[in-house]
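Colleague: Input: one structure, supplied below.
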Amino acid sequence: MDLESTLDELYALRPHEFTAVRNQRAAEARRAGDRELAERIRALRRPTVSAWAGNMLVRREPDKVGPLISLGEGLREAHRNLDGEQLRELGRQQHLLVGALAREARQLAAEEGQAVGEAAFHEIEATLHAVLADPEAARQWAAGHLDRPLNAPVGFTGLEAGAGATARPARPARREPEPRPEPSPEPEEDAGARRRREKLDRARQDAEEAERQAGEREQAHEEATAALERSQAALDGISEQVATLAQELEEARERQRRTERELRDTRDQVARTSRTARDARRRADKAATAVERLAEGA
């Protein structure tokens, strides 16, 4: 048994199956003498439905992993180069690809009898966006061992509707030969887009903070559960020792009862042989006396 194969096994299970099998594998590692592996396995967290569905997508559709990662590399490169035309095209591709993959993950979960609600579906989409935005997130997703959904870094604007706004090429700095009679509506549109982006950034920050707090509470719950399981395992071990000692005590008591019976039998035998010896002595004494009397008479 090793950690990598155990991860592959556990994170392929449905969420409700995870904990029991994880505890079983940890116990097997502990019985094999690998306490470090046992602790690392026991510390693994049960995946959320969205994380599990994302893992299933990686496992069942491995040919879909490469295109999404390649698209993310292209998006990040376009951001670095401020290539507006490329960003617009890649933005359209990522919108279509993320939607298709998220729906496919939901369908795979449904085939396993696991419903994916709207909140979990949006978490799947958020994970796929994170894969596009962050190489480390892409690596984690491609491993198929997620226990929580991923989030794109705050400020990465090449996602969904933001791609179009970011991709707009800069206007050339020039002055119109003659002022127009009416003001251009473009500044007002830019201000509105900026307000929407700021609102979106705040919403993302709020969502990240809520996710962080939820993660902390879930981690605390997992740690408490792990502590409970360790206590239960210790109690089980002590109970086994008590059962063993109780069995040994019962066997010792049986040996004591058997020895006491043997002792009683031996005492009875001693008493019988003592009586027989006394009777024999009395007969011998009588016989000796008779011999003496006959000798005197003779």
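Just so we're on the same page: first chain in the structure tokens is A, next is B, and so on; residues restart at 1 for each chain, and ligands are numbered from 1 in the order they show up.
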I want to know what sits within 6 Å of segment 100-111 of chain A, based on only C-alpha atoms, with residues of the same chain fewer than 6 positions away left out; could you give that as a PyMOL selection string?
Modeller: chain A and resi 53+57+124-125
Colleague: Let's have the selection written as an mmCIF file, in the first residue's frame, with N, CA and C atoms.
Modeller:
```cif
data_model
loop_
_atom_site.group_PDB
_atom_site.id
_atom_site.type_symbol
_atom_site.label_atom_id
_atom_site.label_comp_id
_atom_site.auth_asym_id
_atom_site.auth_seq_id
_atom_site.Cartn_x
_atom_site.Cartn_y
_atom_site.Cartn_z
ATOM 1 N N ALA A 53 -17.272 15.272 -8.587
ATOM 2 C CA ALA A 53 -17.685 15.286 -9.988
ATOM 3 C C ALA A 53 -16.531 15.743 -10.879
ATOM 4 N N LEU A 57 -14.666 13.643 -13.873
ATOM 5 C CA LEU A 57 -14.461 14.148 -15.231
ATOM 6 C C LEU A 57 -13.030 13.863 -15.691
ATOM 7 N N ILE A 124 -18.383 23.514 -9.829
ATOM 8 C CA ILE A 124 -17.656 22.817 -10.902
ATOM 9 C C ILE A 124 -17.150 23.836 -11.922
ATOM 10 N N GLU A 125 -18.012 24.774 -12.310
ATOM 11 C CA GLU A 125 -17.586 25.811 -13.254
ATOM 12 C C GLU A 125 -16.451 26.646 -12.673
#
```
Colleague: Could you give me, as JSON, numbers by chain, the residues within 10 Å of segment 12-21 of chain A, counting only C-alpha atoms and dropping anything in the same chain fewer than 2 positions from it?
Modeller: {"A": [6, 7, 8, 9, 10, 23, 24, 25, 26, 27, 42, 44, 45, 46, 47, 48, 49, 51, 52, 53, 55, 56, 59, 109, 112, 113, 114, 144, 145, 147]}
Colleague: For His122 of chain A, please output as a ChimeraX atom specification all residues within 10 Å (counting only C-alpha atoms; exclusion window: fewer than 6 positions along the same chain).
Modeller: /A:50,99,102,116,128,149
Colleague: Find the distance between atom CA of Gln93 of chain A and atom CA of Ala142 of chain A and write it in Å to one decimal.
Modeller: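 Result for atom CA of Gln93 of chain A versus atom CA of Ala142 of chain A: 19.7 Å, one decimal.
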Colleague: Within 10 Å of Asp134 of chain A, counting only C-alpha atoms, which residues qualify if same-chain residues fewer than 2 places away don't, as a list in words?
Modeller: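 Using only C-alpha atoms, the neighbours found are Ile69, Gly72, Glu73, Arg76, His129, Ala130, Val131, Leu132, Glu136, Ala137, Ala138, Arg139, Leu150, Asn151, Ala152, Pro153 and Phe156 of chain A.
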Colleague: In Å, how far is it from atom CA of Leu249 of chain A to atom CA of Thr266 of chain A?
Modeller: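 Separation between atom CA of Leu249 of chain A and atom CA of Thr266 of chain A: 25.1 Å.
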Colleague: In Å to one decimal, how far is atom CA of Gln140 of chain A from atom CA of Arg60 of chain A?
Modeller: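 Taking atom CA of Arg60 of chain A as the start and atom CA of Gln140 of chain A as the end point, the length is 16.3 Å.
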